[in-house]
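Next comes run13.tsv, a file with TSV, C-alpha atoms and all ligand atoms.
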chain	number	residue	atom	x	y	z
Y	1	MET	CA	16.20	-108.51	4.86
Y	2	LYS	CA	17.92	-105.54	3.21
Y	3	ILE	CA	14.70	-103.46	3.06
Y	4	GLU	CA	10.99	-104.22	3.47
Y	5	PRO	CA	9.29	-104.15	0.04
Y	6	VAL	CA	7.12	-101.06	-0.52
Y	7	THR	CA	4.02	-100.84	-2.72
Y	8	VAL	CA	3.20	-97.48	-4.24
Y	9	THR	CA	0.30	-96.29	-6.39
Y	10	LEU	CA	1.48	-93.95	-9.13
Y	11	LYS	CA	-0.33	-90.98	-10.73
Y	12	ASN	CA	-1.71	-93.37	-13.41
Y	13	ASN	CA	-3.37	-95.42	-10.59
Y	14	ILE	CA	-1.12	-98.42	-11.22
Y	15	THR	CA	0.43	-99.99	-8.13
Y	16	VAL	CA	4.05	-101.12	-8.34
Y	17	THR	CA	6.48	-102.73	-5.91
Y	18	LEU	CA	9.83	-101.32	-4.82
Y	19	ARG	CA	12.22	-103.88	-3.33
Y	20	ALA	CA	15.90	-104.73	-3.02
Y	21	ALA	CA	17.37	-106.46	-6.06
Y	22	VAL	CA	18.23	-110.15	-5.69
Y	23	LYS	CA	20.66	-112.35	-7.60
Y	24	SER	CA	17.95	-113.69	-9.93
Y	25	ASP	CA	17.20	-110.11	-11.11
Y	26	ALA	CA	20.55	-109.93	-12.92
Y	27	GLU	CA	19.26	-110.70	-16.43
Y	28	ALA	CA	16.23	-108.40	-16.11
Y	29	LEU	CA	18.40	-105.61	-14.69
Y	30	LEU	CA	20.80	-105.85	-17.63
Y	31	GLU	CA	17.81	-105.75	-20.01
Y	32	ALA	CA	16.39	-102.71	-18.21
Y	33	GLY	CA	19.82	-101.05	-18.35
Y	34	TRP	CA	20.02	-101.41	-22.12
Y	35	ARG	CA	16.56	-99.92	-22.46
Y	36	TYR	CA	17.40	-96.94	-20.17
Y	37	LEU	CA	20.44	-96.19	-22.33
Y	38	GLU	CA	18.38	-96.37	-25.55
Y	39	GLU	CA	15.62	-94.20	-24.12
Y	40	SER	CA	17.53	-91.44	-22.27
Y	41	PRO	CA	20.23	-88.99	-23.39
Y	42	TYR	CA	21.08	-88.24	-19.74
Y	43	LEU	CA	23.07	-91.32	-18.76
Y	44	ILE	CA	26.87	-91.34	-18.83
Y	45	THR	CA	27.53	-94.96	-19.82
Y	46	THR	CA	27.31	-95.64	-23.56
Y	47	ILE	CA	25.60	-98.74	-24.97
Y	48	ASN	CA	29.02	-100.14	-25.99
Y	49	GLU	CA	30.35	-99.69	-22.47
Y	50	PHE	CA	27.33	-101.43	-20.95
Y	51	ASN	CA	28.71	-104.90	-21.46
Y	52	TRP	CA	28.58	-106.77	-18.16
Y	53	THR	CA	27.92	-110.49	-18.10
Y	54	GLN	CA	25.15	-111.87	-15.89
Y	55	GLN	CA	27.84	-113.05	-13.46
Y	56	GLN	CA	29.28	-109.54	-13.19
Y	57	GLU	CA	25.78	-108.13	-12.66
Y	58	GLN	CA	25.12	-110.74	-9.96
Y	59	ALA	CA	28.37	-109.78	-8.22
Y	60	TRP	CA	27.34	-106.11	-8.31
Y	61	ILE	CA	23.92	-106.93	-6.82
Y	62	ARG	CA	25.61	-108.95	-4.08
Y	63	SER	CA	28.15	-106.24	-3.27
Y	64	LEU	CA	25.45	-103.57	-2.86
Y	65	ASN	CA	23.32	-105.92	-0.74
Y	66	GLU	CA	26.23	-106.89	1.50
Y	67	LYS	CA	27.50	-103.39	2.24
Y	68	GLU	CA	25.81	-101.37	4.98
Y	69	ASN	CA	26.24	-98.19	2.92
Y	70	GLY	CA	24.94	-99.66	-0.35
Y	71	LEU	CA	21.47	-100.28	-1.79
Y	72	LEU	CA	20.06	-101.46	-5.10
Y	73	LEU	CA	16.31	-100.91	-5.44
Y	74	VAL	CA	14.20	-102.18	-8.31
Y	75	ALA	CA	10.69	-101.04	-9.23
Y	76	VAL	CA	8.66	-104.00	-10.46
Y	77	TYR	CA	5.35	-104.22	-12.31
Y	78	ASN	CA	4.01	-107.62	-13.40
Y	79	THR	CA	7.45	-109.18	-12.73
Y	80	LYS	CA	9.10	-106.65	-15.09
Y	81	ILE	CA	11.76	-104.19	-13.92
Y	82	ILE	CA	10.53	-100.70	-14.83
Y	83	GLY	CA	13.07	-98.64	-12.91
Y	84	SER	CA	15.99	-98.88	-10.52
Y	85	LEU	CA	18.02	-96.84	-8.07
Y	86	ASP	CA	21.46	-97.56	-6.70
Y	87	LEU	CA	23.37	-96.12	-3.77
Y	88	ARG	CA	27.04	-96.88	-4.20
Y	89	GLY	CA	28.69	-96.44	-0.82
Y	90	GLU	CA	32.33	-95.44	-0.55
Y	91	LEU	CA	34.76	-98.21	0.42
Y	92	ARG	CA	37.38	-96.47	2.56
Y	93	SER	CA	36.76	-95.73	6.22
Y	94	LYS	CA	37.26	-91.94	6.13
Y	95	VAL	CA	34.55	-91.53	3.46
Y	96	TYR	CA	32.35	-94.56	4.23
Y	97	GLN	CA	29.47	-92.26	5.27
Y	98	ASN	CA	29.03	-91.06	1.66
Y	99	ALA	CA	27.19	-92.76	-1.19
Y	100	THR	CA	26.61	-91.78	-4.81
Y	101	LEU	CA	23.11	-92.23	-6.19
Y	102	GLY	CA	22.04	-93.31	-9.67
Y	103	ILE	CA	18.46	-93.64	-10.92
Y	104	ALA	CA	16.73	-94.45	-14.20
Y	105	LEU	CA	13.21	-95.43	-15.24
Y	106	ARG	CA	11.77	-96.93	-18.40
Y	107	LYS	CA	10.41	-94.11	-20.53
Y	108	GLN	CA	6.72	-95.02	-20.27
Y	109	TRP	CA	7.04	-94.99	-16.46
Y	110	GLN	CA	8.48	-91.49	-16.21
Y	111	GLN	CA	6.65	-88.38	-14.93
Y	112	ILE	CA	4.06	-90.26	-12.88
Y	113	GLY	CA	5.77	-90.22	-9.48
Y	114	LEU	CA	7.94	-93.34	-9.67
Y	115	GLY	CA	11.21	-91.39	-9.37
Y	116	THR	CA	9.83	-89.61	-6.30
Y	117	ALA	CA	8.82	-92.95	-4.73
Y	118	LEU	CA	12.20	-94.61	-5.40
Y	119	LEU	CA	14.12	-91.64	-3.99
Y	120	GLN	CA	11.89	-91.38	-0.92
Y	121	THR	CA	12.30	-95.10	-0.24
Y	122	ALA	CA	16.10	-94.88	-0.55
Y	123	ILE	CA	16.27	-91.77	1.67
Y	124	ASN	CA	14.03	-93.42	4.31
Y	125	TRP	CA	16.27	-96.51	4.23
Y	126	ALA	CA	19.43	-94.43	4.65
Y	127	GLN	CA	17.89	-92.42	7.49
Y	128	GLN	CA	16.74	-95.54	9.35
Y	129	LYS	CA	20.05	-97.30	8.84
Y	130	GLY	CA	22.00	-94.30	10.16
Y	131	ILE	CA	25.28	-95.15	8.38
Y	132	LEU	CA	25.19	-92.62	5.55
Y	133	LYS	CA	25.60	-88.92	6.29
Y	134	ASN	CA	25.49	-87.70	2.69
Y	135	ILE	CA	23.97	-88.83	-0.59
Y	136	TRP	CA	25.63	-87.35	-3.66
Y	137	LEU	CA	24.65	-87.44	-7.30
Y	138	ASN	CA	25.85	-86.18	-10.67
Y	139	VAL	CA	23.36	-84.84	-13.18
Y	140	HIS	CA	23.57	-83.24	-16.63
Y	141	ALA	CA	23.05	-79.52	-15.93
Y	142	THR	CA	20.46	-79.64	-18.76
Y	143	ASN	CA	18.36	-82.41	-17.16
Y	144	GLU	CA	15.63	-80.09	-15.84
Y	145	ARG	CA	13.19	-82.78	-14.75
Y	146	ALA	CA	15.77	-84.69	-12.75
Y	147	ILE	CA	17.13	-81.53	-11.11
Y	148	ALA	CA	13.56	-80.44	-10.20
Y	149	LEU	CA	12.95	-83.85	-8.62
Y	150	TYR	CA	16.22	-83.82	-6.66
Y	151	LYS	CA	15.51	-80.32	-5.34
Y	152	LYS	CA	11.99	-81.43	-4.34
Y	153	MET	CA	13.59	-84.27	-2.34
Y	154	GLY	CA	15.93	-81.85	-0.53
Y	155	PHE	CA	19.13	-82.12	-2.59
Y	156	LYS	CA	21.19	-78.94	-2.85
Y	157	GLU	CA	23.57	-77.91	-5.61
Y	158	ALA	CA	27.15	-78.54	-4.51
Y	159	GLY	CA	29.18	-77.72	-7.59
Y	160	LEU	CA	29.39	-77.44	-11.32
Y	161	GLN	CA	31.98	-79.02	-13.62
Y	162	PRO	CA	31.93	-77.01	-16.85
Y	163	ASN	CA	32.01	-78.99	-20.11
Y	164	TYR	CA	32.44	-82.26	-18.20
Y	165	ILE	CA	30.34	-84.42	-20.53
Y	166	LYS	CA	31.08	-84.95	-24.22
Y	167	GLU	CA	27.86	-85.70	-26.09
Y	168	ALA	CA	27.57	-87.98	-29.12
Y	169	ASP	CA	27.37	-84.94	-31.43
Y	170	GLY	CA	30.67	-83.56	-30.09
Y	171	SER	CA	29.11	-80.80	-27.97
Y	172	PHE	CA	29.85	-80.47	-24.24
Y	173	THR	CA	27.47	-80.32	-21.27
Y	174	ASP	CA	28.16	-79.18	-17.70
Y	175	ASN	CA	27.91	-81.70	-14.86
Y	176	LYS	CA	26.06	-80.62	-11.72
Y	177	LEU	CA	27.00	-82.19	-8.37
Y	178	MET	CA	24.13	-82.29	-5.86
Y	179	GLY	CA	24.10	-83.49	-2.28
Y	180	LEU	CA	21.60	-84.40	0.43
Y	181	ALA	CA	22.73	-84.19	4.05
Y	182	LEU	CA	20.97	-86.80	6.21
Y	183	ASN	CA	20.25	-86.22	9.88
Y	201	LIG	C1	14.81	-88.31	-13.87
Y	201	LIG	C2	13.79	-89.39	-13.46
Y	201	LIG	C3	14.45	-90.40	-12.53
Y	201	LIG	C4	12.67	-88.67	-12.70
Y	201	LIG	O1	11.69	-89.59	-12.30
Y	201	LIG	P1	10.14	-89.35	-12.65
Y	201	LIG	O2	9.38	-90.48	-12.10
Y	201	LIG	O3	10.02	-89.03	-14.09
Y	201	LIG	O4	9.84	-88.04	-11.79
Y	201	LIG	P2	8.55	-87.76	-10.89
Y	201	LIG	O5	7.34	-87.90	-11.74
Y	201	LIG	O6	8.59	-88.57	-9.64
Y	201	LIG	O7	8.83	-86.26	-10.45
Y	201	LIG	C5	9.31	-85.27	-11.31
Y	201	LIG	C6	8.95	-83.93	-10.70
Y	201	LIG	O8	9.59	-82.87	-11.43
Y	201	LIG	C7	8.59	-81.99	-11.97
Y	201	LIG	N1	9.08	-81.63	-13.29
Y	201	LIG	C8	9.11	-82.40	-14.41
Y	201	LIG	N2	9.67	-81.73	-15.41
Y	201	LIG	C9	10.02	-80.51	-14.92
Y	201	LIG	C10	10.67	-79.37	-15.48
Y	201	LIG	N3	11.05	-79.36	-16.77
Y	201	LIG	N4	10.88	-78.30	-14.68
Y	201	LIG	C11	10.49	-78.32	-13.39
Y	201	LIG	N5	9.87	-79.39	-12.79
Y	201	LIG	C12	9.66	-80.46	-13.56
Y	201	LIG	C13	7.33	-82.79	-12.01
Y	201	LIG	O9	6.21	-81.95	-11.97
Y	201	LIG	C14	7.47	-83.67	-10.76
Y	201	LIG	O10	7.14	-83.00	-9.58
Y	201	LIG	P3	5.69	-83.23	-8.86
Y	201	LIG	O11	5.53	-84.71	-8.67
Y	201	LIG	O12	5.83	-82.50	-7.57
Y	201	LIG	O13	4.70	-82.67	-9.82
Y	201	LIG	C15	13.17	-90.13	-14.70
Y	201	LIG	O14	12.45	-89.21	-15.48
Y	201	LIG	C16	14.22	-90.81	-15.57
Y	201	LIG	O15	14.56	-91.96	-15.34
Y	201	LIG	N6	14.74	-90.11	-16.60
Y	201	LIG	C17	15.70	-90.70	-17.54
Y	201	LIG	C18	17.04	-91.05	-16.88
Y	201	LIG	C19	17.58	-89.91	-16.05
Y	201	LIG	O16	17.53	-88.76	-16.44
Y	201	LIG	N7	18.13	-90.27	-14.87
Y	201	LIG	C20	18.73	-89.32	-13.97
Y	201	LIG	C21	20.16	-89.16	-14.30
Y	201	LIG	S1	20.95	-88.06	-13.11
Using the file provided, produce a representation of the structure as structure tokens.
Amino acid sequence: MKIEPVTVTLKNNITVTLRAAVKSDAEALLEAGWRYLEESPYLITTINEFNWTQQQEQAWIRSLNEKENGLLLVAVYNTKIIGSLDLRGELRSKVYQNATLGIALRKQWQQIGLGTALLQTAINWAQQKGILKNIWLNVHATNERAIALYKKMGFKEAGLQPNYIKEADGSFTDNKLMGLALN
């Protein structure tokens, strides 16, 4: 098994399950992805670019499950995907010990500890596995909640790319690179 499922009780007293994604999650993951993009201004992919077929999504799930430096976690409540986290491990041998993290939650499940629980579960997995040495992530420099959460989990700022992101209104936002060194 990729990872033992974890149950966690959130600040609203609802208990949810965190587990590795499986092939049959493809449709629900695509649906959740569309909703994340509608609900958050802090994701880089646009709705038009989010156009994978179920087969492509299944292949992505399989590739993250097969690789020792990859992980795709889903948060599930009543069989519905309410959040997800991916660790995309590098392919080439010299950088295989690095993965880039992405995370998003459905809006009504934000700010009640689910992001903390997903990140902690992914970090625990990476530490136990012992393959990854660094987890990296990119975040809008304006995304205060996400940055606060990443700092709480031990991530440190590693760089800033000025005006990296072009917003829908034509304005530009800096991209912040953050990293967590695993021991
Ligand atoms: C960013 C995201 C993953 C965070 O997950 P979450 O479940 O909302 O966060 P949590 O409730 O676990 O924790 C947030 C923490 O930041 C704190 N926080 C929230 N807003 C804050 C702010 N403006 N300034 C400082 N701290 C803040 C909270 O108090 C909380 O800490 P605590 O649990 O110690 O009180 C989630 O909100 C989300 O999916 N947002 C939309 C998509 C997105 O931005 N993804 C990240 C792209 S890099």
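Counting all atoms listed in the file, the residue from Y:Pro162, Y:Gly154, Y:Gly89, Y:Pro41 that sits nearest to ligand LIG 201 (chain Y) is Y:Pro41.
Pairwise distance (CA of Ser93 in chain Y, CA of Gln161 in chain Y) equals 26.4 Å.
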Which residues of chain Y come within 6 Å of ligand LIG 201 (chain Y), and for each one, what is the closest pair of atoms and their distance in Å to one decimal, counting only C-alpha atoms and all ligand atoms, sorted by chain and residue number, as JSON lines?
{"residue": "Y:Ser40", "atom": "CA", "partner": "Y:LIG201", "partner_atom": "C17", "distance": 5.1}
{"residue": "Y:Tyr42", "atom": "CA", "partner": "Y:LIG201", "partner_atom": "O16", "distance": 4.9}
{"residue": "Y:Leu43", "atom": "CA", "partner": "Y:LIG201", "partner_atom": "C21", "distance": 5.7}
{"residue": "Y:Ile103", "atom": "CA", "partner": "Y:LIG201", "partner_atom": "N7", "distance": 5.2}
{"residue": "Y:Ala104", "atom": "CA", "partner": "Y:LIG201", "partner_atom": "O15", "distance": 3.5}
{"residue": "Y:Leu105", "atom": "CA", "partner": "Y:LIG201", "partner_atom": "O15", "distance": 3.7}
{"residue": "Y:Gln110", "atom": "CA", "partner": "Y:LIG201", "partner_atom": "O3", "distance": 3.6}
{"residue": "Y:Gln111", "atom": "CA", "partner": "Y:LIG201", "partner_atom": "O5", "distance": 3.3}
{"residue": "Y:Ile112", "atom": "CA", "partner": "Y:LIG201", "partner_atom": "O5", "distance": 4.2}
{"residue": "Y:Gly113", "atom": "CA", "partner": "Y:LIG201", "partner_atom": "O6", "distance": 3.3}
{"residue": "Y:Leu114", "atom": "CA", "partner": "Y:LIG201", "partner_atom": "O2", "distance": 4.0}
{"residue": "Y:Gly115", "atom": "CA", "partner": "Y:LIG201", "partner_atom": "O2", "distance": 3.4}
{"residue": "Y:Thr116", "atom": "CA", "partner": "Y:LIG201", "partner_atom": "O6", "distance": 3.7}
{"residue": "Y:Asn138", "atom": "CA", "partner": "Y:LIG201", "partner_atom": "S1", "distance": 5.8}
{"residue": "Y:Val139", "atom": "CA", "partner": "Y:LIG201", "partner_atom": "S1", "distance": 4.0}
{"residue": "Y:Glu144", "atom": "CA", "partner": "Y:LIG201", "partner_atom": "N3", "distance": 4.7}
{"residue": "Y:Arg145", "atom": "CA", "partner": "Y:LIG201", "partner_atom": "N2", "distance": 3.7}
{"residue": "Y:Ala146", "atom": "CA", "partner": "Y:LIG201", "partner_atom": "C1", "distance": 3.9}
{"residue": "Y:Ala148", "atom": "CA", "partner": "Y:LIG201", "partner_atom": "N5", "distance": 4.6}
{"residue": "Y:Leu149", "atom": "CA", "partner": "Y:LIG201", "partner_atom": "O8", "distance": 4.5}
Can I get the selected residues back with C-alpha atoms, as a tab-separated table (two decimals), keeping the file's coordinate frame?
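Full text of out_11.tsv as output:
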chain	number	residue	atom	x	y	z
Y	40	SER	CA	17.53	-91.44	-22.27
Y	42	TYR	CA	21.08	-88.24	-19.74
Y	43	LEU	CA	23.07	-91.32	-18.76
Y	103	ILE	CA	18.46	-93.64	-10.92
Y	104	ALA	CA	16.73	-94.45	-14.20
Y	105	LEU	CA	13.21	-95.43	-15.24
Y	110	GLN	CA	8.48	-91.49	-16.21
Y	111	GLN	CA	6.65	-88.38	-14.93
Y	112	ILE	CA	4.06	-90.26	-12.88
Y	113	GLY	CA	5.77	-90.22	-9.48
Y	114	LEU	CA	7.94	-93.34	-9.67
Y	115	GLY	CA	11.21	-91.39	-9.37
Y	116	THR	CA	9.83	-89.61	-6.30
Y	138	ASN	CA	25.85	-86.18	-10.67
Y	139	VAL	CA	23.36	-84.84	-13.18
Y	144	GLU	CA	15.63	-80.09	-15.84
Y	145	ARG	CA	13.19	-82.78	-14.75
Y	146	ALA	CA	15.77	-84.69	-12.75
Y	148	ALA	CA	13.56	-80.44	-10.20
Y	149	LEU	CA	12.95	-83.85	-8.62
When distances are computed from only C-alpha atoms, which of Y:Asp174, Y:Arg35, Y:Tyr96, Y:Leu180 shows the smallest separation from Gln108 in chain Y?
-> Y:Arg35
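Checking Y:Asn163, Y:Ala75, Y:Gly179, Y:Trp109 one by one against Asn13 in chain Y, counting all atoms listed in the file, you find the shortest gap at Y:Trp109.
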Which residues come within 8 Å of range 67-69 of chain Y, counting only C-alpha atoms, excluding same-chain residues fewer than 3 positions away, as an MDAnalysis selection string?
-> chainID Y and resid 63:64 87:90 96:99 126 131:132
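When the distance limit is 10 Å and all atoms listed in the file are what count, the residues near Arg62 in chain Y, minus those fewer than 6 positions from it on the same chain, are Ala21, Val22, Lys23, Gln56, Leu71 and Leu72 of chain Y.
Pairwise distance (CA of Lys176 in chain Y, CA of Leu160 in chain Y) equals 4.6 Å.
Computed from the coordinates, the CA of Lys152 in chain Y to CA of Thr17 in chain Y distance equals 22.1 Å.
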Residues within 8 Å of (13.6, -96.4, -5.5), counting all atoms listed in the file, listed as a ChimeraX atom specification | /Y:18-19,73-75,83-85,103,114-122
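Between Ala26 in chain Y and the residues Y:Leu177, Y:Val8, Y:Ile82, Y:Ala59, the shortest atom-to-atom distance, using only C-alpha atoms, involves Y:Ala59.
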Hey, can you pull every residue with an atom no more than 8 Å from (31.0, -89.6, -21.4), using only C-alpha atoms, and send it as number ranges by chain?
-> Y: 44-46, 165-167
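Closest approach to Lys151 in chain Y among Y:Trp52, Y:Met178, Y:Lys80, Y:Gly130 is made by Y:Met178 (distances from all atoms listed in the file).
Counting all atoms listed in the file, the residue from Y:Tyr164, Y:Ala141, Y:Trp136, Y:Trp125 that sits nearest to Ala181 in chain Y is Y:Trp136.
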